[in-house]
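Okay, my_file.pdb is below, PDB, C-alpha atoms and all ligand atoms:
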ATOM      1  CA  MET T 205     -98.367  10.855 -46.033
ATOM      2  CA  ALA T 206     -94.779  10.735 -47.216
ATOM      3  CA  ASN T 207     -94.482  14.477 -46.506
ATOM      4  CA  ILE T 208     -95.564  13.928 -42.900
ATOM      5  CA  PHE T 209     -92.823  11.354 -42.367
ATOM      6  CA  HIS T 210     -90.326  13.642 -44.100
ATOM      7  CA  SER T 211     -91.307  16.511 -41.768
ATOM      8  CA  ILE T 212     -90.969  14.309 -38.691
ATOM      9  CA  PHE T 213     -87.553  13.095 -39.877
ATOM     10  CA  ARG T 214     -86.379  16.676 -40.467
ATOM     11  CA  ALA T 215     -87.663  17.734 -37.046
ATOM     12  CA  PHE T 216     -85.710  15.060 -35.198
ATOM     13  CA  SER T 217     -82.656  14.530 -37.370
ATOM     14  CA  PRO T 218     -80.659  17.659 -36.365
ATOM     15  CA  SER T 219     -80.596  16.633 -32.721
ATOM     16  CA  LEU T 220     -79.670  13.065 -33.622
ATOM     17  CA  TRP T 221     -77.035  13.524 -36.296
ATOM     18  CA  GLY T 222     -76.544  17.225 -36.996
ATOM     19  CA  ARG T 223     -76.223  20.091 -34.562
ATOM     20  CA  GLY T 224     -76.545  17.674 -31.662
ATOM     21  CA  GLY T 225     -73.295  15.983 -32.661
ATOM     22  CA  ALA T 226     -71.462  19.284 -32.859
ATOM     23  CA  ALA T 227     -72.858  20.338 -29.501
ATOM     24  CA  ARG T 228     -71.712  17.119 -27.895
ATOM     25  CA  SER T 229     -68.109  17.509 -29.045
ATOM     26  CA  ASP T 230     -68.091  21.125 -27.748
ATOM     27  CA  ARG T 231     -69.089  19.806 -24.346
ATOM     28  CA  ALA T 232     -66.657  16.853 -24.259
ATOM     29  CA  GLY T 233     -65.718  15.970 -20.693
ATOM     30  CA  VAL T 234     -68.120  18.504 -19.154
ATOM     31  CA  GLY T 235     -70.808  17.462 -16.692
ATOM     32  CA  PRO T 236     -71.094  14.248 -14.728
ATOM     33  CA  ARG T 237     -69.635  11.087 -16.266
ATOM     34  CA  ILE T 238     -70.420   7.529 -15.263
ATOM     35  CA  GLY T 239     -68.135   4.482 -15.315
ATOM     36  CA  PHE T 240     -68.562   0.770 -14.692
ATOM     37  CA  GLY T 241     -66.079  -1.812 -13.405
ATOM     38  CA  TYR T 242     -66.111  -5.585 -12.951
ATOM     39  CA  ASP T 243     -63.451  -7.951 -11.617
ATOM     40  CA  VAL T 244     -62.984 -11.568 -10.531
ATOM     41  CA  HIS T 245     -60.209 -13.284  -8.569
ATOM     42  CA  ARG T 246     -59.798 -16.932  -7.656
ATOM     43  CA  LEU T 247     -59.936 -18.038  -4.008
ATOM     44  CA  VAL T 248     -57.002 -20.235  -2.954
ATOM     45  CA  GLU T 249     -55.535 -21.599   0.246
ATOM     46  CA  GLY T 250     -52.413 -19.976   1.646
ATOM     47  CA  ARG T 251     -53.190 -16.369   0.653
ATOM     48  CA  PRO T 252     -54.441 -13.541   2.886
ATOM     49  CA  LEU T 253     -57.877 -12.183   1.989
ATOM     50  CA  TRP T 254     -57.567  -8.497   1.147
ATOM     51  CA  LEU T 255     -60.926  -6.956   0.309
ATOM     52  CA  GLY T 256     -61.927  -3.299   0.243
ATOM     53  CA  GLY T 257     -58.472  -2.371   1.473
ATOM     54  CA  ILE T 258     -58.643  -4.394   4.693
ATOM     55  CA  LEU T 259     -57.409  -7.811   5.777
ATOM     56  CA  ILE T 260     -60.315 -10.151   6.522
ATOM     57  CA  PRO T 261     -59.853 -13.386   8.466
ATOM     58  CA  HIS T 262     -60.746 -16.354   6.217
ATOM     59  CA  THR T 263     -59.590 -19.844   5.300
ATOM     60  CA  HIS T 264     -58.758 -18.719   1.743
ATOM     61  CA  GLY T 265     -57.410 -15.597   0.032
ATOM     62  CA  LEU T 266     -57.591 -14.137  -3.465
ATOM     63  CA  LEU T 267     -54.952 -15.061  -6.045
ATOM     64  CA  GLY T 268     -53.391 -12.381  -8.240
ATOM     65  CA  HIS T 269     -50.285 -10.477  -9.289
ATOM     66  CA  SER T 270     -51.108  -7.736  -6.783
ATOM     67  CA  ASP T 271     -52.816  -8.327  -3.433
ATOM     68  CA  ALA T 272     -55.813  -9.281  -5.642
ATOM     69  CA  ASP T 273     -58.263  -6.948  -3.885
ATOM     70  CA  VAL T 274     -61.135  -7.583  -6.280
ATOM     71  CA  LEU T 275     -63.326  -4.794  -4.859
ATOM     72  CA  ILE T 276     -60.685  -2.105  -5.244
ATOM     73  CA  HIS T 277     -59.931  -3.343  -8.769
ATOM     74  CA  ALA T 278     -63.601  -3.015  -9.784
ATOM     75  CA  ILE T 279     -63.690   0.508  -8.315
ATOM     76  CA  CYS T 280     -60.478   1.457 -10.183
ATOM     77  CA  ASP T 281     -62.000   0.221 -13.448
ATOM     78  CA  ALA T 282     -65.205   2.184 -12.819
ATOM     79  CA  LEU T 283     -63.192   5.368 -12.197
ATOM     80  CA  LEU T 284     -60.930   4.816 -15.215
ATOM     81  CA  GLY T 285     -63.966   4.030 -17.368
ATOM     82  CA  ALA T 286     -65.715   7.226 -16.310
ATOM     83  CA  ALA T 287     -62.665   9.237 -17.401
ATOM     84  CA  ASN T 288     -62.196   7.107 -20.558
ATOM     85  CA  LEU T 289     -58.713   6.091 -19.369
ATOM     86  CA  ARG T 290     -58.935   2.398 -20.355
ATOM     87  CA  ASP T 291     -58.620  -0.067 -17.463
ATOM     88  CA  ILE T 292     -56.495  -1.150 -14.521
ATOM     89  CA  GLY T 293     -54.555  -3.717 -16.588
ATOM     90  CA  PHE T 294     -53.649  -0.990 -19.098
ATOM     91  CA  GLN T 295     -52.595   1.553 -16.460
ATOM     92  CA  PHE T 296     -50.853  -0.917 -14.116
ATOM     93  CA  PRO T 297     -49.821  -3.992 -16.189
ATOM     94  CA  ASP T 298     -49.582  -7.329 -14.343
ATOM     95  CA  THR T 299     -46.455  -8.051 -16.411
ATOM     96  CA  ASP T 300     -44.705  -5.218 -14.550
ATOM     97  CA  GLU T 301     -42.678  -6.511 -11.587
ATOM     98  CA  ALA T 302     -43.265  -3.160  -9.867
ATOM     99  CA  TYR T 303     -46.838  -4.227  -9.223
ATOM    100  CA  ARG T 304     -46.102  -7.719  -7.859
ATOM    101  CA  GLY T 305     -47.835  -8.084  -4.504
ATOM    102  CA  ILE T 306     -48.684  -4.373  -4.477
ATOM    103  CA  ASP T 307     -51.242  -3.069  -2.017
ATOM    104  CA  SER T 308     -54.268  -2.234  -4.196
ATOM    105  CA  LYS T 309     -54.897   0.858  -2.073
ATOM    106  CA  ILE T 310     -51.839   2.310  -3.843
ATOM    107  CA  LEU T 311     -53.446   1.538  -7.218
ATOM    108  CA  LEU T 312     -56.685   3.249  -6.148
ATOM    109  CA  ARG T 313     -54.763   6.334  -4.983
ATOM    110  CA  ARG T 314     -52.841   6.439  -8.281
ATOM    111  CA  THR T 315     -56.115   6.044 -10.190
ATOM    112  CA  ALA T 316     -57.613   8.996  -8.283
ATOM    113  CA  ASP T 317     -54.445  10.988  -9.040
ATOM    114  CA  LEU T 318     -54.790  10.199 -12.777
ATOM    115  CA  LEU T 319     -58.322  11.612 -12.685
ATOM    116  CA  HIS T 320     -57.311  14.670 -10.660
ATOM    117  CA  ARG T 321     -54.584  15.506 -13.178
ATOM    118  CA  ARG T 322     -57.237  15.539 -15.900
ATOM    119  CA  GLY T 323     -59.443  17.899 -13.918
ATOM    120  CA  TYR T 324     -61.909  15.369 -12.530
ATOM    121  CA  ARG T 325     -63.093  14.805  -8.990
ATOM    122  CA  VAL T 326     -64.890  11.699  -7.799
ATOM    123  CA  GLY T 327     -68.586  12.149  -7.078
ATOM    124  CA  ASN T 328     -69.683   8.843  -5.589
ATOM    125  CA  ILE T 329     -69.098   5.098  -5.803
ATOM    126  CA  ASP T 330     -71.583   2.233  -5.575
ATOM    127  CA  ALA T 331     -70.192  -1.310  -5.510
ATOM    128  CA  THR T 332     -71.341  -4.861  -4.864
ATOM    129  CA  VAL T 333     -69.166  -7.824  -3.845
ATOM    130  CA  CYS T 334     -70.432 -11.335  -4.645
ATOM    131  CA  ALA T 335     -69.104 -13.895  -2.152
ATOM    132  CA  GLU T 336     -70.590 -16.924  -0.424
ATOM    133  CA  HIS T 337     -68.117 -16.657   2.470
ATOM    134  CA  PRO T 338     -66.920 -14.918   4.521
ATOM    135  CA  LYS T 339     -69.829 -12.708   5.536
ATOM    136  CA  LEU T 340     -68.822  -9.166   4.669
ATOM    137  CA  ASN T 341     -71.482  -7.039   6.328
ATOM    138  CA  PRO T 342     -69.486  -6.707   9.591
ATOM    139  CA  HIS T 343     -66.577  -5.238   7.579
ATOM    140  CA  ILE T 344     -68.404  -2.760   5.325
ATOM    141  CA  GLU T 345     -68.010   0.350   7.493
ATOM    142  CA  GLU T 346     -64.277  -0.238   7.957
ATOM    143  CA  MET T 347     -63.838  -0.707   4.187
ATOM    144  CA  LYS T 348     -65.662   2.577   3.510
ATOM    145  CA  ALA T 349     -63.473   4.396   6.047
ATOM    146  CA  VAL T 350     -60.326   3.059   4.353
ATOM    147  CA  LEU T 351     -61.396   3.631   0.728
ATOM    148  CA  ALA T 352     -63.067   7.075   0.893
ATOM    149  CA  PRO T 353     -59.937   9.150   1.705
ATOM    150  CA  LEU T 354     -57.997   7.436  -1.097
ATOM    151  CA  MET T 355     -60.469   9.075  -3.524
ATOM    152  CA  ASP T 356     -60.750  12.367  -1.561
ATOM    153  CA  ILE T 357     -64.421  11.748  -0.810
ATOM    154  CA  THR T 358     -66.369  11.022   2.377
ATOM    155  CA  THR T 359     -67.802   7.694   3.475
ATOM    156  CA  ASP T 360     -71.238   9.087   2.545
ATOM    157  CA  ASP T 361     -70.060   8.904  -1.069
ATOM    158  CA  VAL T 362     -68.937   5.268  -0.898
ATOM    159  CA  SER T 363     -71.711   2.672  -0.993
ATOM    160  CA  LEU T 364     -70.520  -0.909  -0.543
ATOM    161  CA  LYS T 365     -72.859  -3.868  -0.727
ATOM    162  CA  ALA T 366     -72.363  -7.605  -0.292
ATOM    163  CA  THR T 367     -74.399 -10.468  -1.663
ATOM    164  CA  THR T 368     -74.151 -14.209  -2.102
ATOM    165  CA  THR T 369     -75.134 -15.768  -5.413
ATOM    166  CA  GLU T 370     -77.359 -18.336  -3.672
ATOM    167  CA  ARG T 371     -74.654 -21.000  -4.023
ATOM    168  CA  LEU T 372     -74.863 -20.684  -7.815
ATOM    169  CA  GLY T 373     -71.888 -20.303 -10.151
ATOM    170  CA  PHE T 374     -68.199 -19.903  -9.285
ATOM    171  CA  THR T 375     -68.881 -17.507  -6.428
ATOM    172  CA  GLY T 376     -71.516 -19.878  -5.052
ATOM    173  CA  ARG T 377     -69.002 -22.752  -5.178
ATOM    174  CA  GLU T 378     -66.496 -20.466  -3.391
ATOM    175  CA  GLU T 379     -64.016 -20.776  -6.237
ATOM    176  CA  GLY T 380     -63.689 -17.015  -6.428
ATOM    177  CA  ILE T 381     -65.074 -13.611  -5.508
ATOM    178  CA  SER T 382     -66.423 -11.062  -7.983
ATOM    179  CA  ALA T 383     -67.137  -7.358  -7.647
ATOM    180  CA  TYR T 384     -69.096  -4.780  -9.619
ATOM    181  CA  ALA T 385     -68.781  -1.018  -9.260
ATOM    182  CA  VAL T 386     -70.146   2.167 -10.776
ATOM    183  CA  ALA T 387     -68.538   5.562 -10.332
ATOM    184  CA  LEU T 388     -69.674   9.102 -10.995
ATOM    185  CA  ILE T 389     -67.042  11.745 -11.687
ATOM    186  CA  GLU T 390     -67.249  15.462 -12.487
ATOM    187  CA  LYS T 391     -64.998  18.110 -14.012
ATOM    188  CA  THR T 392     -63.701  20.501 -11.383
ATOM    189  CA  GLU T 393     -63.037  23.413 -13.754
TER     190      GLU T 393
HETATM  191 MG    MG F   1     -58.113  -7.736 -10.569
END

Kindly present the structure from the file in C-alpha cells form.
Ligand code: MG
Amino acid sequence: MANIFHSIFRAFSPSLWGRGGAARSDRAGVGPRIGFGYDVHRLVEGRPLWLGGILIPHTHGLLGHSDADVLIHAICDALLGAANLRDIGFQFPDTDEAYRGIDSKILLRRTADLLHRRGYRVGNIDATVCAEHPKLNPHIEEMKAVLAPLMDITTDDVSLKATTTERLGFTGREEGISAYAVALIEKTE
C-alpha cells in the first residue's frame, strides 16, 4: 500500500514542485494576467461627486486627496495588481502635493502607460460600484465612454455595474461609496 502512495506522490510531485516550478518561471509575465482592486471613499457635503470619470449631480461628494473617484481608483488597483506593480498609493502617493485634487482620469492614463511600457495591453475590465444613492444606472454608458479610451480599449471591454447594499453597512448608511474591479491584461510581445 505504501508503494502505491509513493507512486502517486512521484507522479504528481514534478508538476507541483519540480519541473512545473521551472516552467512557470520561464513563462513569467506571458499569457493573460488577472488583477483585483478595491477602494472606499467617504461621502461628505460640499464636494463634487466624481465617479467613473464624470461629474454626477448629488447632495454629497467623495472626500480624498485627489478627486476621490473611487471607481477609477479600484480600476487602477486592478490594473496595477495584474502587472504586479503594487497599488495606486505606491505609484501616486497621497503625500505628494502633485496629486492634490488631481483628476483621477490622469491617474488611470498614467497607470495604462505604466503597463504599456512593460509590454502589457489591457484586455477587459469588470467593476461594481456599491452606493445607496445616487442611482448610477443612467450614467453607466457615459462612464464607459470616458474610461475606455484612457486604457486604449473599447466600451465593449469595460463592464460597469452598480448595486446598493440593501441599506446595510457604511454604503447603506450613505457614509461612503465602495468599488470593486477586476482587470485582465496580456503581453503584447
Ligand atoms: Mg482611493

Surroundings of ligand MG 1 (chain F) up to 12 Å, based on all atoms listed in the file, as a PyMOL selection string: chain T and resi 241-246+254-255+266-281+291-294+296-298+303+305-308+311-312+380-384

Let's have the selection written as an mmCIF file, in the frame of the given file, with C-alpha atoms.
data_model
loop_
_atom_site.group_PDB
_atom_site.id
_atom_site.type_symbol
_atom_site.label_atom_id
_atom_site.label_comp_id
_atom_site.auth_asym_id
_atom_site.auth_seq_id
_atom_site.Cartn_x
_atom_site.Cartn_y
_atom_site.Cartn_z
ATOM 1 C CA GLY T 241 -66.079 -1.812 -13.405
ATOM 2 C CA TYR T 242 -66.111 -5.585 -12.951
ATOM 3 C CA ASP T 243 -63.451 -7.951 -11.617
ATOM 4 C CA VAL T 244 -62.984 -11.568 -10.531
ATOM 5 C CA HIS T 245 -60.209 -13.284 -8.569
ATOM 6 C CA ARG T 246 -59.798 -16.932 -7.656
ATOM 7 C CA TRP T 254 -57.567 -8.497 1.147
ATOM 8 C CA LEU T 255 -60.926 -6.956 0.309
ATOM 9 C CA LEU T 266 -57.591 -14.137 -3.465
ATOM 10 C CA LEU T 267 -54.952 -15.061 -6.045
ATOM 11 C CA GLY T 268 -53.391 -12.381 -8.240
ATOM 12 C CA HIS T 269 -50.285 -10.477 -9.289
ATOM 13 C CA SER T 270 -51.108 -7.736 -6.783
ATOM 14 C CA ASP T 271 -52.816 -8.327 -3.433
ATOM 15 C CA ALA T 272 -55.813 -9.281 -5.642
ATOM 16 C CA ASP T 273 -58.263 -6.948 -3.885
ATOM 17 C CA VAL T 274 -61.135 -7.583 -6.280
ATOM 18 C CA LEU T 275 -63.326 -4.794 -4.859
ATOM 19 C CA ILE T 276 -60.685 -2.105 -5.244
ATOM 20 C CA HIS T 277 -59.931 -3.343 -8.769
ATOM 21 C CA ALA T 278 -63.601 -3.015 -9.784
ATOM 22 C CA ILE T 279 -63.690 0.508 -8.315
ATOM 23 C CA CYS T 280 -60.478 1.457 -10.183
ATOM 24 C CA ASP T 281 -62.000 0.221 -13.448
ATOM 25 C CA ASP T 291 -58.620 -0.067 -17.463
ATOM 26 C CA ILE T 292 -56.495 -1.150 -14.521
ATOM 27 C CA GLY T 293 -54.555 -3.717 -16.588
ATOM 28 C CA PHE T 294 -53.649 -0.990 -19.098
ATOM 29 C CA PHE T 296 -50.853 -0.917 -14.116
ATOM 30 C CA PRO T 297 -49.821 -3.992 -16.189
ATOM 31 C CA ASP T 298 -49.582 -7.329 -14.343
ATOM 32 C CA TYR T 303 -46.838 -4.227 -9.223
ATOM 33 C CA GLY T 305 -47.835 -8.084 -4.504
ATOM 34 C CA ILE T 306 -48.684 -4.373 -4.477
ATOM 35 C CA ASP T 307 -51.242 -3.069 -2.017
ATOM 36 C CA SER T 308 -54.268 -2.234 -4.196
ATOM 37 C CA LEU T 311 -53.446 1.538 -7.218
ATOM 38 C CA LEU T 312 -56.685 3.249 -6.148
ATOM 39 C CA GLY T 380 -63.689 -17.015 -6.428
ATOM 40 C CA ILE T 381 -65.074 -13.611 -5.508
ATOM 41 C CA SER T 382 -66.423 -11.062 -7.983
ATOM 42 C CA ALA T 383 -67.137 -7.358 -7.647
ATOM 43 C CA TYR T 384 -69.096 -4.780 -9.619
#

Explicit residues for the PyMOL selection byres (((chain T and resi 364-372) around 7) and not hetatm) (as a list in words): Asp330, Ala331, Thr332, Val333, Cys334, Ala335, Glu336, Leu340, Asn341, Ile344, Val362, Ser363, Gly373, Phe374, Thr375, Gly376 and Arg377 of chain T

Among the residues T:Ile329, T:Ala316, T:Ile258, T:Leu253, the one that comes closest to T:Thr358 [using all atoms listed in the file]: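 Once distances to T:Thr358 are computed over all atoms listed in the file, the minimum belongs to T:Ile329.
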
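For the pair atom CA of T:His262 and atom CA of T:His343, the interatomic distance is 12.6 Å.
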
Coordinates-based distance that separates atom CA of T:Arg304 from atom CA of T:Ala387 (Å, one decimal):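 These atoms are spaced 26.2 Å apart.
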
Answer key for the PyMOL selection byres (((chain T and resi 355) around 12) and not hetatm), residues as a PyMOL selection string: chain T and resi 276+279-280+283+309-320+324-329+348-354+356-359+361-362+387-389

Using the selection just defined, write its residues with C-alpha atoms as a short mmCIF file (atom, residue, chain, number, x, y, z; two decimals), in the frame of the given file.
data_model
loop_
_atom_site.label_atom_id
_atom_site.label_comp_id
_atom_site.auth_asym_id
_atom_site.auth_seq_id
_atom_site.Cartn_x
_atom_site.Cartn_y
_atom_site.Cartn_z
CA ILE T 276 -60.68 -2.10 -5.24
CA ILE T 279 -63.69 0.51 -8.32
CA CYS T 280 -60.48 1.46 -10.18
CA LEU T 283 -63.19 5.37 -12.20
CA LYS T 309 -54.90 0.86 -2.07
CA ILE T 310 -51.84 2.31 -3.84
CA LEU T 311 -53.45 1.54 -7.22
CA LEU T 312 -56.68 3.25 -6.15
CA ARG T 313 -54.76 6.33 -4.98
CA ARG T 314 -52.84 6.44 -8.28
CA THR T 315 -56.12 6.04 -10.19
CA ALA T 316 -57.61 9.00 -8.28
CA ASP T 317 -54.44 10.99 -9.04
CA LEU T 318 -54.79 10.20 -12.78
CA LEU T 319 -58.32 11.61 -12.68
CA HIS T 320 -57.31 14.67 -10.66
CA TYR T 324 -61.91 15.37 -12.53
CA ARG T 325 -63.09 14.80 -8.99
CA VAL T 326 -64.89 11.70 -7.80
CA GLY T 327 -68.59 12.15 -7.08
CA ASN T 328 -69.68 8.84 -5.59
CA ILE T 329 -69.10 5.10 -5.80
CA LYS T 348 -65.66 2.58 3.51
CA ALA T 349 -63.47 4.40 6.05
CA VAL T 350 -60.33 3.06 4.35
CA LEU T 351 -61.40 3.63 0.73
CA ALA T 352 -63.07 7.08 0.89
CA PRO T 353 -59.94 9.15 1.70
CA LEU T 354 -58.00 7.44 -1.10
CA ASP T 356 -60.75 12.37 -1.56
CA ILE T 357 -64.42 11.75 -0.81
CA THR T 358 -66.37 11.02 2.38
CA THR T 359 -67.80 7.69 3.48
CA ASP T 361 -70.06 8.90 -1.07
CA VAL T 362 -68.94 5.27 -0.90
CA ALA T 387 -68.54 5.56 -10.33
CA LEU T 388 -69.67 9.10 -11.00
CA ILE T 389 -67.04 11.74 -11.69
#

Minimum-distance residue to T:Glu249, chosen among T:Asp360, T:Met347, T:Gly323, T:His264 (using only C-alpha atoms):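 That would be T:His264, the residue with the smallest distance to T:Glu249.
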
Interatomic distance, atom CA of T:Arg237 to atom CA of T:Arg321 (Å, one decimal): 16.0 Å

Proximity to T:Pro261 - best of T:Pro236, T:Lys339, T:Val248, T:Gln295, all atoms listed in the file: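 Among T:Pro236, T:Lys339, T:Val248, T:Gln295, it is T:Lys339 that comes nearest to T:Pro261.
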
Emit as AutoDock Vina command-line options the padded axis-aligned box for all listed atoms of stretch 241-258 of chain T, 5 Å per side, with centre and edge lengths in Å to one decimal.
--center_x -59.3 --center_y -11.7 --center_z -4.4 --size_x 23.7 --size_y 29.8 --size_z 28.1
